[in-house]
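Asker: Dropping in upload.pdb, which is PDB, C-alpha atoms:
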```
ATOM      1  CA  MET A   1      37.908  -8.518 -20.286
ATOM      2  CA  LYS A   2      41.110  -9.717 -18.646
ATOM      3  CA  LEU A   3      42.688 -13.167 -18.795
ATOM      4  CA  ILE A   4      45.070 -14.091 -15.983
ATOM      5  CA  VAL A   5      47.106 -17.223 -16.620
ATOM      6  CA  GLY A   6      49.155 -19.113 -14.054
ATOM      7  CA  LEU A   7      51.773 -21.479 -15.444
ATOM      8  CA  GLY A   8      52.434 -24.876 -13.911
ATOM      9  CA  ASN A   9      52.345 -28.624 -14.437
ATOM     10  CA  VAL A  10      49.335 -30.795 -13.676
ATOM     11  CA  GLY A  11      49.376 -33.600 -11.128
ATOM     12  CA  LYS A  12      50.073 -34.173  -7.450
ATOM     13  CA  LYS A  13      53.763 -34.864  -7.986
ATOM     14  CA  TYR A  14      54.227 -31.318  -9.348
ATOM     15  CA  GLN A  15      51.801 -29.580  -7.001
ATOM     16  CA  ASN A  16      54.302 -27.833  -4.720
ATOM     17  CA  THR A  17      57.244 -27.543  -7.086
ATOM     18  CA  LYS A  18      59.030 -24.356  -8.040
ATOM     19  CA  HIS A  19      57.697 -24.536 -11.611
ATOM     20  CA  ASN A  20      54.108 -24.383 -10.293
ATOM     21  CA  ILE A  21      54.310 -20.937  -8.744
ATOM     22  CA  GLY A  22      51.793 -19.606 -11.290
ATOM     23  CA  PHE A  23      49.202 -22.155 -10.167
ATOM     24  CA  MET A  24      49.953 -21.320  -6.526
ATOM     25  CA  VAL A  25      49.310 -17.621  -7.100
ATOM     26  CA  LEU A  26      46.003 -18.261  -8.859
ATOM     27  CA  ASP A  27      44.897 -20.633  -6.112
ATOM     28  CA  ARG A  28      45.510 -17.896  -3.534
ATOM     29  CA  VAL A  29      43.808 -15.191  -5.614
ATOM     30  CA  THR A  30      40.701 -17.254  -6.320
ATOM     31  CA  GLU A  31      40.514 -18.327  -2.675
ATOM     32  CA  LYS A  32      40.634 -14.655  -1.610
ATOM     33  CA  LEU A  33      37.805 -13.898  -4.064
ATOM     34  CA  GLY A  34      35.763 -16.923  -2.954
ATOM     35  CA  LEU A  35      36.038 -18.566  -6.373
ATOM     36  CA  GLU A  36      36.761 -22.156  -7.422
ATOM     37  CA  PHE A  37      38.263 -23.474 -10.625
ATOM     38  CA  ASN A  38      35.129 -25.233 -11.785
ATOM     39  CA  GLN A  39      35.108 -25.131 -15.579
ATOM     40  CA  LYS A  40      37.138 -27.030 -18.184
ATOM     41  CA  LYS A  41      37.619 -26.129 -21.805
ATOM     42  CA  PHE A  42      40.365 -26.409 -24.430
ATOM     43  CA  GLY A  43      42.771 -28.201 -22.083
ATOM     44  CA  GLY A  44      42.446 -25.620 -19.332
ATOM     45  CA  LEU A  45      40.852 -25.332 -15.920
ATOM     46  CA  TYR A  46      39.296 -21.924 -15.385
ATOM     47  CA  VAL A  47      36.869 -19.747 -13.498
ATOM     48  CA  GLU A  48      35.062 -16.650 -14.704
ATOM     49  CA  THR A  49      33.899 -13.737 -12.601
ATOM     50  CA  VAL A  50      32.947 -10.093 -12.991
ATOM     51  CA  ILE A  51      34.775  -7.443 -10.976
ATOM     52  CA  GLU A  52      33.811  -3.779 -11.214
ATOM     53  CA  GLY A  53      31.764  -4.601 -14.329
ATOM     54  CA  GLU A  54      34.649  -6.303 -16.154
ATOM     55  CA  LYS A  55      34.758  -9.997 -17.021
ATOM     56  CA  ILE A  56      37.824 -11.726 -15.569
ATOM     57  CA  ILE A  57      39.016 -15.239 -16.427
ATOM     58  CA  PHE A  58      41.582 -17.057 -14.298
ATOM     59  CA  LEU A  59      43.191 -19.925 -16.240
ATOM     60  CA  LYS A  60      45.435 -22.849 -15.321
ATOM     61  CA  PRO A  61      46.479 -24.760 -18.477
ATOM     62  CA  GLN A  62      46.130 -28.475 -17.764
ATOM     63  CA  ASN A  63      48.913 -29.869 -19.900
ATOM     64  CA  TYR A  64      52.639 -29.680 -19.372
ATOM     65  CA  ILE A  65      54.052 -26.205 -18.952
ATOM     66  CA  ASN A  66      55.893 -26.351 -22.285
ATOM     67  CA  LEU A  67      52.509 -26.611 -24.058
ATOM     68  CA  SER A  68      50.830 -23.723 -22.205
ATOM     69  CA  GLY A  69      50.713 -21.527 -25.291
ATOM     70  CA  GLU A  70      48.441 -23.953 -27.144
ATOM     71  CA  VAL A  71      45.825 -23.709 -24.396
ATOM     72  CA  LEU A  72      46.199 -19.942 -24.010
ATOM     73  CA  LYS A  73      45.750 -19.366 -27.763
ATOM     74  CA  LYS A  74      42.452 -21.291 -27.725
ATOM     75  CA  TYR A  75      41.160 -19.145 -24.857
ATOM     76  CA  ILE A  76      42.219 -15.924 -26.583
ATOM     77  CA  ASP A  77      40.453 -16.955 -29.778
ATOM     78  CA  TYR A  78      37.298 -18.238 -28.083
ATOM     79  CA  PHE A  79      36.839 -15.391 -25.581
ATOM     80  CA  LYS A  80      38.172 -12.704 -27.981
ATOM     81  CA  VAL A  81      40.769 -11.455 -25.502
ATOM     82  CA  LYS A  82      43.305  -8.863 -26.639
ATOM     83  CA  THR A  83      46.925  -9.765 -25.852
ATOM     84  CA  SER A  84      47.161  -6.407 -24.040
ATOM     85  CA  ASP A  85      44.612  -7.793 -21.538
ATOM     86  CA  ILE A  86      46.598 -10.922 -20.624
ATOM     87  CA  LEU A  87      48.723 -11.362 -17.510
ATOM     88  CA  VAL A  88      50.925 -14.470 -17.344
ATOM     89  CA  ILE A  89      52.314 -15.536 -13.958
ATOM     90  CA  ASN A  90      55.447 -17.668 -14.091
ATOM     91  CA  ASP A  91      58.515 -18.788 -12.159
ATOM     92  CA  ASP A  92      61.855 -17.183 -12.986
ATOM     93  CA  ILE A  93      65.225 -18.740 -12.127
ATOM     94  CA  ASP A  94      67.004 -15.457 -12.905
ATOM     95  CA  LEU A  95      65.298 -13.699 -10.004
ATOM     96  CA  PRO A  96      66.323 -14.513  -6.427
ATOM     97  CA  ILE A  97      63.778 -16.338  -4.329
ATOM     98  CA  GLY A  98      61.550 -13.797  -2.633
ATOM     99  CA  LYS A  99      61.732 -11.302  -5.518
ATOM    100  CA  TYR A 100      59.145 -10.646  -8.193
ATOM    101  CA  LYS A 101      58.904  -8.358 -11.181
ATOM    102  CA  LEU A 102      56.123  -7.099 -13.396
ATOM    103  CA  LYS A 103      56.996  -6.701 -17.070
ATOM    104  CA  ILE A 104      54.975  -5.259 -19.901
ATOM    105  CA  ARG A 105      56.711  -7.535 -22.458
ATOM    106  CA  GLY A 106      59.947  -9.435 -22.832
ATOM    107  CA  GLY A 107      61.774 -12.547 -23.876
ATOM    108  CA  THR A 108      61.458 -16.068 -22.580
ATOM    109  CA  ALA A 109      64.726 -16.272 -20.604
ATOM    110  CA  GLY A 110      64.730 -19.983 -21.483
ATOM    111  CA  HIS A 111      61.333 -20.628 -19.845
ATOM    112  CA  ASN A 112      59.588 -23.303 -21.917
ATOM    113  CA  GLY A 113      56.097 -22.129 -20.960
ATOM    114  CA  LEU A 114      56.870 -18.620 -22.181
ATOM    115  CA  LYS A 115      58.456 -20.038 -25.345
ATOM    116  CA  SER A 116      55.232 -21.916 -26.048
ATOM    117  CA  ILE A 117      53.165 -18.783 -25.459
ATOM    118  CA  GLU A 118      55.383 -16.713 -27.766
ATOM    119  CA  GLU A 119      55.221 -19.356 -30.504
ATOM    120  CA  ASN A 120      51.445 -19.681 -30.298
ATOM    121  CA  LEU A 121      50.632 -15.974 -29.949
ATOM    122  CA  GLY A 122      53.303 -14.795 -32.369
ATOM    123  CA  THR A 123      54.287 -11.975 -30.027
ATOM    124  CA  LYS A 124      56.320 -11.120 -26.924
ATOM    125  CA  ASN A 125      53.887  -8.335 -26.084
ATOM    126  CA  TYR A 126      51.927  -9.643 -23.132
ATOM    127  CA  LYS A 127      52.181  -8.707 -19.482
ATOM    128  CA  ARG A 128      53.986 -10.926 -16.990
ATOM    129  CA  LEU A 129      54.388 -11.351 -13.287
ATOM    130  CA  ARG A 130      57.717 -13.132 -12.859
ATOM    131  CA  ILE A 131      58.305 -14.740  -9.484
ATOM    132  CA  GLY A 132      61.850 -15.581  -8.477
ATOM    133  CA  ILE A 133      62.781 -19.127  -7.570
ATOM    134  CA  SER A 134      66.577 -18.565  -7.805
ATOM    135  CA  LYS A 135      68.804 -21.081  -9.519
ATOM    136  CA  ASN A 136      71.155 -23.733  -8.342
ATOM    137  CA  SER A 137      74.103 -24.374 -10.629
ATOM    138  CA  LYS A 138      74.803 -27.675  -8.830
ATOM    139  CA  ILE A 139      71.513 -29.185 -10.023
ATOM    140  CA  ASP A 140      70.254 -29.683 -13.574
ATOM    141  CA  THR A 141      67.778 -26.872 -14.311
ATOM    142  CA  LYS A 142      64.936 -29.264 -15.184
ATOM    143  CA  LYS A 143      65.373 -31.165 -11.912
ATOM    144  CA  TYR A 144      65.682 -27.909  -9.981
ATOM    145  CA  VAL A 145      62.454 -26.313 -11.269
ATOM    146  CA  LEU A 146      60.589 -29.572 -10.623
ATOM    147  CA  SER A 147      61.853 -29.770  -7.026
ATOM    148  CA  SER A 148      59.917 -28.666  -3.950
ATOM    149  CA  PHE A 149      60.758 -25.632  -1.880
ATOM    150  CA  SER A 150      62.905 -26.153   1.215
ATOM    151  CA  VAL A 151      61.470 -25.264   4.627
ATOM    152  CA  ASN A 152      63.239 -21.881   4.563
ATOM    153  CA  GLU A 153      62.179 -21.229   0.965
ATOM    154  CA  LYS A 154      58.540 -22.031   1.834
ATOM    155  CA  LYS A 155      58.496 -19.199   4.382
ATOM    156  CA  ILE A 156      59.827 -16.753   1.795
ATOM    157  CA  ILE A 157      57.498 -17.999  -0.936
ATOM    158  CA  ASP A 158      54.507 -17.727   1.369
ATOM    159  CA  GLU A 159      55.241 -14.002   1.738
ATOM    160  CA  VAL A 160      55.646 -13.653  -2.026
ATOM    161  CA  LEU A 161      52.361 -15.460  -2.658
ATOM    162  CA  THR A 162      50.605 -13.083  -0.282
ATOM    163  CA  ALA A 163      52.104 -10.093  -2.112
ATOM    164  CA  ALA A 164      51.197 -11.639  -5.487
ATOM    165  CA  VAL A 165      47.522 -11.783  -4.502
ATOM    166  CA  TYR A 166      47.523  -8.016  -4.003
ATOM    167  CA  ILE A 167      49.439  -7.481  -7.235
ATOM    168  CA  VAL A 168      46.845  -9.457  -9.203
ATOM    169  CA  LEU A 169      43.937  -7.705  -7.490
ATOM    170  CA  ASP A 170      45.524  -4.318  -8.214
ATOM    171  CA  TYR A 171      46.131  -5.410 -11.822
ATOM    172  CA  LEU A 172      42.361  -5.607 -12.197
ATOM    173  CA  GLU A 173      42.005  -1.930 -11.289
ATOM    174  CA  LEU A 174      45.245  -0.070 -12.071
ATOM    175  CA  ASP A 175      47.006   0.975 -15.243
ATOM    176  CA  PHE A 176      49.922  -1.428 -15.757
ATOM    177  CA  LEU A 177      52.600   1.294 -15.594
ATOM    178  CA  ILE A 178      51.209   2.447 -12.243
ATOM    179  CA  LEU A 179      51.145  -1.181 -11.115
ATOM    180  CA  MET A 180      54.798  -1.637 -12.119
ATOM    181  CA  ASN A 181      55.798   1.544 -10.285
ATOM    182  CA  LYS A 182      53.944   0.388  -7.189
ATOM    183  CA  TYR A 183      55.381  -3.126  -6.998
ATOM    184  CA  ASN A 184      58.672  -3.325  -8.895
ATOM    185  CA  LYS A 185      61.333  -2.663  -6.288
ATOM    186  CA  LYS A 186      64.738  -1.386  -7.276
ATOM    187  CA  THR A 187      67.423  -3.795  -6.076
TER
END
```
Starting from the file, give its structure as structure tokens.

Answerer:
Amino acid sequence: MKLIVGLGNVGKKYQNTKHNIGFMVLDRVTEKLGLEFNQKKFGGLYVETVIEGEKIIFLKPQNYINLSGEVLKKYIDYFKVKTSDILVINDDIDLPIGKYKLKIRGGTAGHNGLKSIEENLGTKNYKRLRIGISKNSKIDTKKYVLSSFSVNEKKIIDEVLTAAVYIVLDYLELDFLILMNKYNKKT
């Protein structure tokens, strides 16, 4: 079983913000697979499917991003998912817009959603797909991550979202080290 978690904030006002890139990726993946988020449990919106004989759960926690770990922990406990079978998709201000990086484990880099996950799981050992949103030192970080993408940024992000769909689909079939070698570009 695999659990794929997209991080974001709930509500229309956050829908197209930089912090919601995890939700955006899952929306694209589930659309490609012909799935809809149609189930609610433990503060999360999710959909289950079976691909190549393996159960897959796509999850969008439905509380604020800084409480994502509470929801994720409930899903792990209920569905008996190993942390090695979790992929978390999140925005990353330390990566330039248009860049992404797969990681097998790591720190939070100040991301409150990842902090919540670490606190609730008691480990840093879970896989991540970090998607760059850049940073703007002229704007408070909180305001920046909750802002929408500019017209130029939307074009770049659209390409990244398309790539992210293929990354997630390959994650379902490939060993993670092979996946990292395939998609992590040296810059």

Asker: Kindly provide the residues of segment 52-119 of chain A that approach segment 151-160 of chain A to within 9 Å, each paired with its closest atom pair and their distance in Å to one decimal, based on all atoms listed in the file, listed by chain and increasing number, as a tab-separated table.

Answerer:
```
residue	atom	partner	partner_atom	distance
A:Ile97	CA	A:Ile156	CA	7.3
A:Gly98	CA	A:Ile156	CA	5.6
A:Lys99	CA	A:Val160	CA	7.4
A:Tyr100	CA	A:Val160	CA	7.7
```

Asker: Can you give me, as a list in words, the residues this file yields under the PyMOL selection byres ((chain A and resi 102-112) around 6)?

Answerer: Asn66, Lys101, Gly113, Leu114, Lys115, Lys124, Asn125, Tyr126, Lys127, Arg128, Leu129 and Met180 of chain A

Asker: What does the distance between atom CA of Tyr171 of chain A and atom CA of Tyr64 of chain A come to in Å, to one decimal place?

Answerer: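 That distance, rounded to one decimal, is 26.2 Å.
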
Asker: Could you tell me which residues the PyMOL selection byres ((chain A and resi 9-20) around 7) returns for this structure, as a list in words?

Answerer: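 For this structure, the PyMOL selection byres ((chain A and resi 9-20) around 7) resolves to Leu7, Gly8, Ile21, Gly22, Phe23, Met24, Gln62, Asn63, Tyr64, Ile65, Asp91, Ile133, Val145, Leu146, Ser147, Ser148 and Phe149 of chain A.
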
Asker: Please expand the PyMOL selection byres ((chain A and resi 57) around 9) into the concrete residues it hits in this file, giving the result as a list in words.

Answerer: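 Answer for the PyMOL selection byres ((chain A and resi 57) around 9): Met1, Lys2, Leu3, Ile4, Val5, Tyr46, Val47, Glu48, Thr49, Val50, Lys55, Ile56, Phe58 and Leu59 of chain A.
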
Asker: Go ahead and compute the interatomic distance for atom CA of Pro96 of chain A and atom CA of Ser84 of chain A, in Å to one decimal.

Answerer: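 About the pair atom CA of Pro96 of chain A and atom CA of Ser84 of chain A: they are 27.3 Å apart.
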
Asker: Which residues are near Gly44 of chain A? Cut-off 7 Å, all atoms listed in the file, ignore same chain within fewer than 3 positions. Put them as a JSON list (two decimals) with C-alpha atoms, keeping the file's coordinate frame.

Answerer:
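Written output follows (out35.json):
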```json
[["chain", "number", "residue", "atom", "x", "y", "z"],
["A", 40, "LYS", "CA", 37.14, -27.03, -18.18],
["A", 41, "LYS", "CA", 37.62, -26.13, -21.80],
["A", 59, "LEU", "CA", 43.19, -19.92, -16.24],
["A", 60, "LYS", "CA", 45.44, -22.85, -15.32],
["A", 61, "PRO", "CA", 46.48, -24.76, -18.48],
["A", 62, "GLN", "CA", 46.13, -28.48, -17.76],
["A", 71, "VAL", "CA", 45.82, -23.71, -24.40]]
```

Asker: Suppose you want the space between atom CA of Tyr78 of chain A and atom CA of Ile51 of chain A; what is it in Å?

Answerer: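 Answer for the atom CA of Tyr78 of chain A to atom CA of Ile51 of chain A separation: 20.4 Å.
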
Asker: Return the single residue from A:Leu161, A:Asp94, A:Phe42, A:Asp27 that is closest to Phe79 of chain A, with distances computed using all atoms listed in the file.

Answerer: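 Answer, going by the shortest atom-to-atom distance: A:Phe42.
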
Asker: A:Lys73, A:Gly6, A:Leu177, A:Ser137: which is nearest Thr30 of chain A, counting all atoms listed in the file?

Answerer: A:Gly6

Asker: If we count all atoms listed in the file, what is near Val168 of chain A at a cut-off of 10 Å, once residues fewer than 4 positions away on the same chain are taken out, given as a PyMOL selection string?

Answerer: chain A and resi 4+25-26+29+87+89+129+163-164+172-174+179
